[in-house]
Structures are given as structure tokens and as C-alpha cells.
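S.K.: Before I ask anything, here is the structure I am working with.
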Amino acid sequence: MLLTTFCSFYEGSPEILEAILKYPIISTLMANLHPNLPQPILISSLRTLITVLQVRPNPNVIASHPQVVATLEHIISSPNTPLTLLDLSCKLIPLLAPSKPHYLQGLTGSLILKISTLMSHVSHYTSTSRTPVRVPLDSALFALAHIIDKEQALQLLSTNSAQPTGSGRATIDSQDFLDSLLSLTRSSDTGVRVAVVSLLVKIQSFSLDPNQIRKLTRPLLPTLVPLLDLPEKDPRVYRTLAIVCRDDPEVVKMAVEANIINKVRAIINTADTVNWSDSELISSCLLVLVAISMRDEPYRIEIMDTGILSNIVQFMSSKSENPISISAFGLRKVKLASSHLLRTLGHSVTLLRTGLATPEVVDGIYSLLVTDPNDIVTAYKNTYGADALAEEVREQLLEEELEVKSAVMAAVCNIVPEFSSLQEIMVKKGFLDLIVEGTRSSYPPLRLNSVWALKHAMSALSAETRAQLLSGMTTEHLVNLCNDVEPQVQEQALGVIRNIACSGDMDAINFVLDGIGFDNFFDMLNEKITASMENATYAPDQPHHNLIIVQVVYIISNIVIHTETLKDKLLKREDVLKKLLPLFNHNVMDIRNGCAWIVINLTWQEDHTAHDLKEGCQARAQQLIRLGFKEKLNDNKNDPCLDVRERTKTALFQLEELVSGGTRSMLH
């Protein structure tokens, strides 16, 4: 009785809810949640958990209380569960594991069976023209969309007639299940239409059959578009629309033709910038524009022409007096989505030189990057007391702040390259220090995006600025990044070195080589080739290992082009050269092309090259031929890629010219 009164008292009152959050109410309720509780207490407990977790998500709550899965499974699978209790249980599922749905995948079979039963009820009432009983089909569909994994989705997508739904209790007809889902896209219930689209989007994302994907996704946009014109704006409609547009370029084209850009832009204009009470809706609308702007340049231009940049600047520059208030958490969602949109708009070279080139954009980004994530931890302690700050809560607070910083740094990646008119402004404002600071972060996404931004910035800096940057960063840290546990970080860190080598700035090149040590440097590159080749064999679906090899090959190619000394030093490392030989027939075109460039750069001579330098070129050519490079090049003369064929022809020509004493005769 107390919980029921308590629950109804605080719902709709942010002030009371924030006061409640001072107490460990989530842990208390989770620890005592059990299917044998009196029904009124169980319902009130679920309502309380839903309300609190909607305001203050806790990614670790289910990991701390795994026994709750059994309680939910019992509620969902029982045929005698009241519909209200079933509805609340399904609504709770996505909130228990917002970013770690695998904790709840044990519920998938029970949910599929329950949804199948609920769909049968709906179909029965429809066919008999009887007034349907309100069933919680939408909440069940949303719950399944959140937790269904690849294995279960592929079972539903398979052509087998029957699929198990968990624990061997029952089976369903997969085709009938999918056909029933598709029929629900025409449901008169708006919530059901949104939920079923969300589930179909998730299921089709695991399919490898283009025809099957098309069958499942093409009805989705016509289902969603009419929902955009309803007076009540459901954030889930726009979030689902964003996913649909993200995954299918044809859907994006139809969405643009349906004037969706202007529809969501109009909603964004109505944002509550004081209390951020509509943060879910505004962030979802921004994500729709993100999905559309990922595709083609004309779409990015059209989005910019709506004047959205003024909203982005406003959102990213906004602040909340209380960083742990409900409005602050809502604002954080909007800032995150704004950062994603700025990143995708930054793919446009035209916009970087025109529309995006405003100091206000730089100021907004800067204010987010200089914010200390620990400030929110301090605010939490001051408000709720140190005793309320459990380690899991502290980690959650920090991760939320770092997630925003990571998204902002991803935007920096796209607006700091040399062709951006914002680069000079950003350098003067001190962005390089913030980027380097980000490369030292223990949060992998921020570290990755920071190294990526560093790579983009490195190639176009003045020699003086580059020297200051490298001095503050240190070669030791650069090597650590090249050996990071995250393959993507390794790839981008090697890209930093590649851009230094490509810049032709010999002071910077020597700084790296001297700081690491020439032999240590090539030992590292050798190890990268070996490890990446092995990893690519065991994980062929992971492209990062091959991309690491691409960076290594072009580092070598760019390093040796500058001086005779560097060429000769490389030739003394026959172990490195031999490691390159298998790469000539690699399945990645960029790697084959880069190998040809290494030969070209090692054997290039100007027409006026001095006699002693020509002798050096000849010696290098003879050594390369002895090691087997000519044979590898001959194998690539008929490469399917024109670029590789042309580079191979040049490399072979230079080798033959040198070993024949300078007689020019093109190889055929």
C-alpha cells in the first residue's frame, strides 16, 4: 500500500523524484523482486523501477541482481499473469540493460512465445469483429527488439517451419511469426506499429539475404511516415525512423522525397531549452538527420539549408545549473545527438569551407571538451552524499560524460582536416592540446577518436606547430598507441606516423625515428605485419587487421622517399623486406598498391641524379630482385585493379632500367 501511494505521489514531479534518487531505492526493490510477492506490491515495485530507471539509467543494475531475470521469465511465461503485470515487466526489460542486453537474452524464447500468443488474440478479435481486449503487445515487441540476439533472429529468419522458443517448451512457425509481424505494420494501434517496426528492423539487421531484407524493410517507411503527422510526437517513432534510414540508402531517398528533413527540423525548432522535458524527442529527431546525412552530399547540403546549424550551436553551448538534475541528463542526450550530426555534416568538404565554417561551432565544441568528467562525480557527492556514490554509480556517471566527449571528438575528426577552414581557428584555440589529452584517456572510444583527430590534424600543420605537438606528446606515448589493445587505435596511431612521413617534414620524421630508434621502429612495423596477418586469418570478418597492414606499408613507402640514407637503412633490414613479399598478392588492393609504391620509391632516380647516387639505386634494385620482388611484381602485371597494374608497370620499368645500366625499355 505504501509503495502504491508513494509511486503515484512522485510520478510527474521531477523535484520529488530527484529527492528519491538520494536513496538506494533501485537496489532495495531489485533485491526483493520476486514472483510470489502480493500482486499489488509487485506491480508497484515494477512501476517504481520503471519510473526511476527512465530518469536515471543504470547499466549495471541487472549485473548486480541477475536473479531478477528468473522473476521476469516466470511472469512472462505464465499463462495466468495479469495483463497489467505483463505490460510492466516488458517495459522494464529495456531499462534493466540499456547497453548490455545480453544479460537478458534468456528471456528471448519466452517473449517470442508470448508475442505469438498475443498476436493470435489480436487476430482472433479482428476476424470475429469483436471489440479487442487491450493487450500489451507494443511493450512486448519493444522488449524483444531490445534483447533479441543474432542466433534467435537467424532462427526466425530461417526457412525451417518450426523454431524453439526456449527451454524446449514450445515451437512456433517462423514464417507465420514474421508474416504476422508484417501484418501488424498496418495495425490501428500506433504504439504497436512503432514497436513492430522496431523489432523488424532489429531482426533484418542479422539477415544476409538481400531479398529477405528488402521484404522486411520496404514496408517500414510507409508505416512510419503517417505517424510523423500525429499531434502526439512519440520519440520512438523518430528513433526507429533513424535506424531504418541508417541501414538502407533507398529508404533514405524515399524519406527525403517525403519531406522528412523539414518535418523533423520543425520539431527541433520547438525544443524546450529550459527544462529539456522533450529531450528524448529532440535527440531522436537529430538522429534522423544524422542517418540521412550519412549518405550523400546533396542530403547534407539540404539539411544545412534548413538552418540546423543554429540549433546545433545552441544545444552544444547550453549548460545546466545542476549537472545531475533531470534536465541536465536530458540535455546530455541532445548534446550527444548534436555531436553526431555535426560529425556527419563534416563529411562534406563544401560545408567545411562554407556553412560549417563559423567560430560559434568551434566555441561550442571547445566548451564540451574542456569540461572535466569528474565535476559530475563531485556534484553527485555534494547532492546525495559520499555514501550514495557506489563504485558502479561513479563509473556510470563518468562513462556518460565520456560518451559525450567521445562523440564531440568524433566531430572534431571531421572538421579539423587540412581542407577545413576551421582548422586554423581550432589550432589557435588550443584544440591540439585537448586532442593529445584525449589520446591518453582510459575510455577506448574517446582515445580512438582523439588519435583519429590527431591523424587528420597532423598532415597540414606548420613545421613549428607539428614540432611543438610531437614534443608534448612524446614518441613513447605514440608507440604505446601503436601497441594499444584496441586494433582501431593501433590503425589510427600508425596513420599519425604515416601522415608525418608523408608531410616531408624531416625534423618531424627524424624526431619519430630518433625517439623510437630506427631498428626499434622497424621491429614494431615487422611485428604489426606478423600479428595482423595472423589475426586476419582467424578473424576474416574484422577489417581492422588489414587496415593496420595498409598503414604499415604506406609508412614504409613514405619514409624511404625522402633521403638516400633512409633508403639504405631499410635495405639493411632484409627481414622487413622479406615480410613484405607475401603482401604483393594480398586480397586488399591498397596493400598490393602500397607494395608497388615501396619498390618505386626505393628505386626512383631523377634524370640529373649524380653518378654515385645512380650506383646506389642500382644496388638497391639488384638487392630487391635477389630477394624476389621482381617475381612478385610480375605476378601483378595483370592485376584486376588498374591502379595496381599501373604502379606495377612503373616499378618493373625502374628495376629493369637500373639493372640494365640505364637503357630505358618498358616491360610488357
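Naming scheme: A, B, ... for chains in displayed order of the C-alpha cells; residues 1 onward per chain; ligands 1 onward as shown.
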May I have the residues within 12 Å of region 470-477 of chain A as number ranges by chain, using only C-alpha atoms and disregarding those fewer than 3 positions away in the same chain?

M.R.: A: 432-441, 451, 454, 458, 461, 463-467, 480-484, 493, 496-497, 500, 507-517, 520-521

S.K.: So which residues touch region 265-281 of chain A within 9 Å, counting only C-alpha atoms, skipping near sequence neighbours fewer than 4 positions away, as a PyMOL selection string?

M.R.: chain A and resi 233-236+238-239+260-261+285-286+289+303+306-308+311+314-315+318+320+326-334

S.K.: Kindly indicate which residue among A:Ala410, A:Val61, A:Ile301, A:Leu46 lies nearest to Asp87 (chain A), using only C-alpha atoms for the distances.

M.R.: A:Leu46

S.K.: Which polymer residues have any atom within 8 Å of an atom of Cys245 (chain A), counting only C-alpha atoms, with same-chain residues fewer than 3 positions away left out, as an MDAnalysis selection string?

M.R.: chainID A and resid 241:242 248:249 251:252 255 288 291:292

S.K.: If you run DSSP on the backbone, which residues of region 177-234 of chain A are helix (DSSP H, G or I), as a ChimeraX atom specification?

M.R.: /A:177-184,190-204,210-217,220-229

S.K.: Residues within 12 Å of region 562-564 of chain A, please, as a ChimeraX atom specification. Count only C-alpha atoms; anything in the same chain fewer than 2 positions from it doesn't count.

M.R.: /A:500-507,509-510,555-560,566-571,601-605,609,612-617,620

S.K.: As a ChimeraX atom specification, please: the residues near region 579-592 of chain A (cut-off 7 Å, only C-alpha atoms, same-chain neighbours under 2 positions excluded).

M.R.: /A:550,553,575-577,594-596,629,632,644

S.K.: Can you tell me, as a PDB file with N, CA, C and O atoms, in the first residue's frame, what residues are no more than 8 Å from region 367-382 of chain A when counting only C-alpha atoms, ignoring any on the same chain fewer than 6 positions away?

M.R.:
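Dumped to out.pdb:
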```pdb
ATOM      1  N   MET A 316      24.802  22.621 -28.118  1.00  0.00           N
ATOM      2  CA  MET A 316      26.124  22.256 -27.625  1.00  0.00           C
ATOM      3  C   MET A 316      26.671  23.295 -26.657  1.00  0.00           C
ATOM      4  O   MET A 316      27.540  22.982 -25.838  1.00  0.00           O
ATOM      5  N   SER A 317      26.166  24.510 -26.736  1.00  0.00           N
ATOM      6  CA  SER A 317      26.635  25.573 -25.845  1.00  0.00           C
ATOM      7  C   SER A 317      25.802  25.690 -24.573  1.00  0.00           C
ATOM      8  O   SER A 317      26.182  26.414 -23.654  1.00  0.00           O
ATOM      9  N   ASN A 322      22.472  22.542 -12.464  1.00  0.00           N
ATOM     10  CA  ASN A 322      22.714  21.337 -11.673  1.00  0.00           C
ATOM     11  C   ASN A 322      23.072  20.198 -12.623  1.00  0.00           C
ATOM     12  O   ASN A 322      22.205  19.685 -13.333  1.00  0.00           O
ATOM     13  N   PRO A 323      24.332  19.785 -12.669  1.00  0.00           N
ATOM     14  CA  PRO A 323      24.756  18.788 -13.669  1.00  0.00           C
ATOM     15  C   PRO A 323      24.169  17.402 -13.464  1.00  0.00           C
ATOM     16  O   PRO A 323      24.330  16.536 -14.336  1.00  0.00           O
ATOM     17  N   ILE A 324      23.510  17.160 -12.339  1.00  0.00           N
ATOM     18  CA  ILE A 324      22.909  15.842 -12.125  1.00  0.00           C
ATOM     19  C   ILE A 324      21.396  15.934 -11.977  1.00  0.00           C
ATOM     20  O   ILE A 324      20.753  15.037 -11.443  1.00  0.00           O
ATOM     21  N   ALA A 388      26.246   7.583  -0.972  1.00  0.00           N
ATOM     22  CA  ALA A 388      25.363   7.185  -2.073  1.00  0.00           C
ATOM     23  C   ALA A 388      26.130   6.894  -3.359  1.00  0.00           C
ATOM     24  O   ALA A 388      25.565   6.349  -4.305  1.00  0.00           O
ATOM     25  N   LEU A 389      27.414   7.260  -3.386  1.00  0.00           N
ATOM     26  CA  LEU A 389      28.191   7.115  -4.618  1.00  0.00           C
ATOM     27  C   LEU A 389      28.911   5.767  -4.626  1.00  0.00           C
ATOM     28  O   LEU A 389      30.114   5.674  -4.383  1.00  0.00           O
ATOM     29  N   ARG A 394      29.481   5.686  -9.778  1.00  0.00           N
ATOM     30  CA  ARG A 394      30.570   6.574 -10.197  1.00  0.00           C
ATOM     31  C   ARG A 394      30.997   6.251 -11.629  1.00  0.00           C
ATOM     32  O   ARG A 394      31.168   7.145 -12.462  1.00  0.00           O
ATOM     33  N   LEU A 397      28.345   7.466 -14.124  1.00  0.00           N
ATOM     34  CA  LEU A 397      28.368   8.914 -14.309  1.00  0.00           C
ATOM     35  C   LEU A 397      29.525   9.337 -15.206  1.00  0.00           C
ATOM     36  O   LEU A 397      29.366  10.160 -16.123  1.00  0.00           O
ATOM     37  N   LEU A 398      30.708   8.771 -14.939  1.00  0.00           N
ATOM     38  CA  LEU A 398      31.877   9.114 -15.745  1.00  0.00           C
ATOM     39  C   LEU A 398      31.708   8.655 -17.188  1.00  0.00           C
ATOM     40  O   LEU A 398      32.059   9.371 -18.128  1.00  0.00           O
ATOM     41  N   GLU A 401      29.532  10.991 -19.241  1.00  0.00           N
ATOM     42  CA  GLU A 401      30.245  12.212 -19.622  1.00  0.00           C
ATOM     43  C   GLU A 401      31.262  11.935 -20.725  1.00  0.00           C
ATOM     44  O   GLU A 401      31.403  12.704 -21.678  1.00  0.00           O
ATOM     45  N   LEU A 402      31.964  10.811 -20.589  1.00  0.00           N
ATOM     46  CA  LEU A 402      32.986  10.467 -21.577  1.00  0.00           C
ATOM     47  C   LEU A 402      32.363  10.087 -22.916  1.00  0.00           C
ATOM     48  O   LEU A 402      32.974  10.290 -23.967  1.00  0.00           O
ATOM     49  N   LYS A 405      31.941  13.336 -24.656  1.00  0.00           N
ATOM     50  CA  LYS A 405      33.246  13.814 -25.125  1.00  0.00           C
ATOM     51  C   LYS A 405      33.721  13.031 -26.344  1.00  0.00           C
ATOM     52  O   LYS A 405      34.307  13.587 -27.276  1.00  0.00           O
ATOM     53  N   VAL A 408      31.863  14.212 -29.354  1.00  0.00           N
ATOM     54  CA  VAL A 408      32.378  15.529 -29.756  1.00  0.00           C
ATOM     55  C   VAL A 408      33.709  15.373 -30.477  1.00  0.00           C
ATOM     56  O   VAL A 408      33.962  16.016 -31.503  1.00  0.00           O
ATOM     57  N   MET A 409      34.579  14.490 -29.955  1.00  0.00           N
ATOM     58  CA  MET A 409      35.876  14.288 -30.599  1.00  0.00           C
ATOM     59  C   MET A 409      35.712  13.653 -31.978  1.00  0.00           C
ATOM     60  O   MET A 409      36.509  13.917 -32.890  1.00  0.00           O
ATOM     61  N   LEU A 434      43.933  19.531 -26.405  1.00  0.00           N
ATOM     62  CA  LEU A 434      42.779  18.732 -25.999  1.00  0.00           C
ATOM     63  C   LEU A 434      42.766  17.385 -26.713  1.00  0.00           C
ATOM     64  O   LEU A 434      42.379  16.362 -26.132  1.00  0.00           O
TER      65      LEU A 434
END
```

S.K.: Any idea what the distance is between CA of Pro79 (chain A) and CA of Val122 (chain A)?

M.R.: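 Between CA of Pro79 (chain A) and CA of Val122 (chain A) the gap works out to 16.2 Å.
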
S.K.: Between CA of Val256 (chain A) and CA of Leu184 (chain A), what is the spacing in Å?

M.R.: 24.9 Å

S.K.: Counting only C-alpha atoms, what is within 8 Å of Leu154 (chain A), bar same-chain residues fewer than 6 positions away, as a VMD selection string?

M.R.: chain A and resid 203 206 to 207

S.K.: Could those residues be written to a file, using C-alpha atoms, as a tab-separated table (two decimals), in the first residue's frame?

M.R.:
```tsv
chain	number	residue	atom	x	y	z
A	203	ILE	CA	15.67	-8.84	-36.98
A	206	PHE	CA	21.10	-10.01	-38.92
A	207	SER	CA	19.94	-11.26	-42.33
```

S.K.: Would you compute the distance between CA of Leu200 (chain A) and CA of Asp179 (chain A)? Give it in Å to one decimal.

M.R.: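 Computed distance, CA of Leu200 (chain A) to CA of Asp179 (chain A), equals 10.8 Å.
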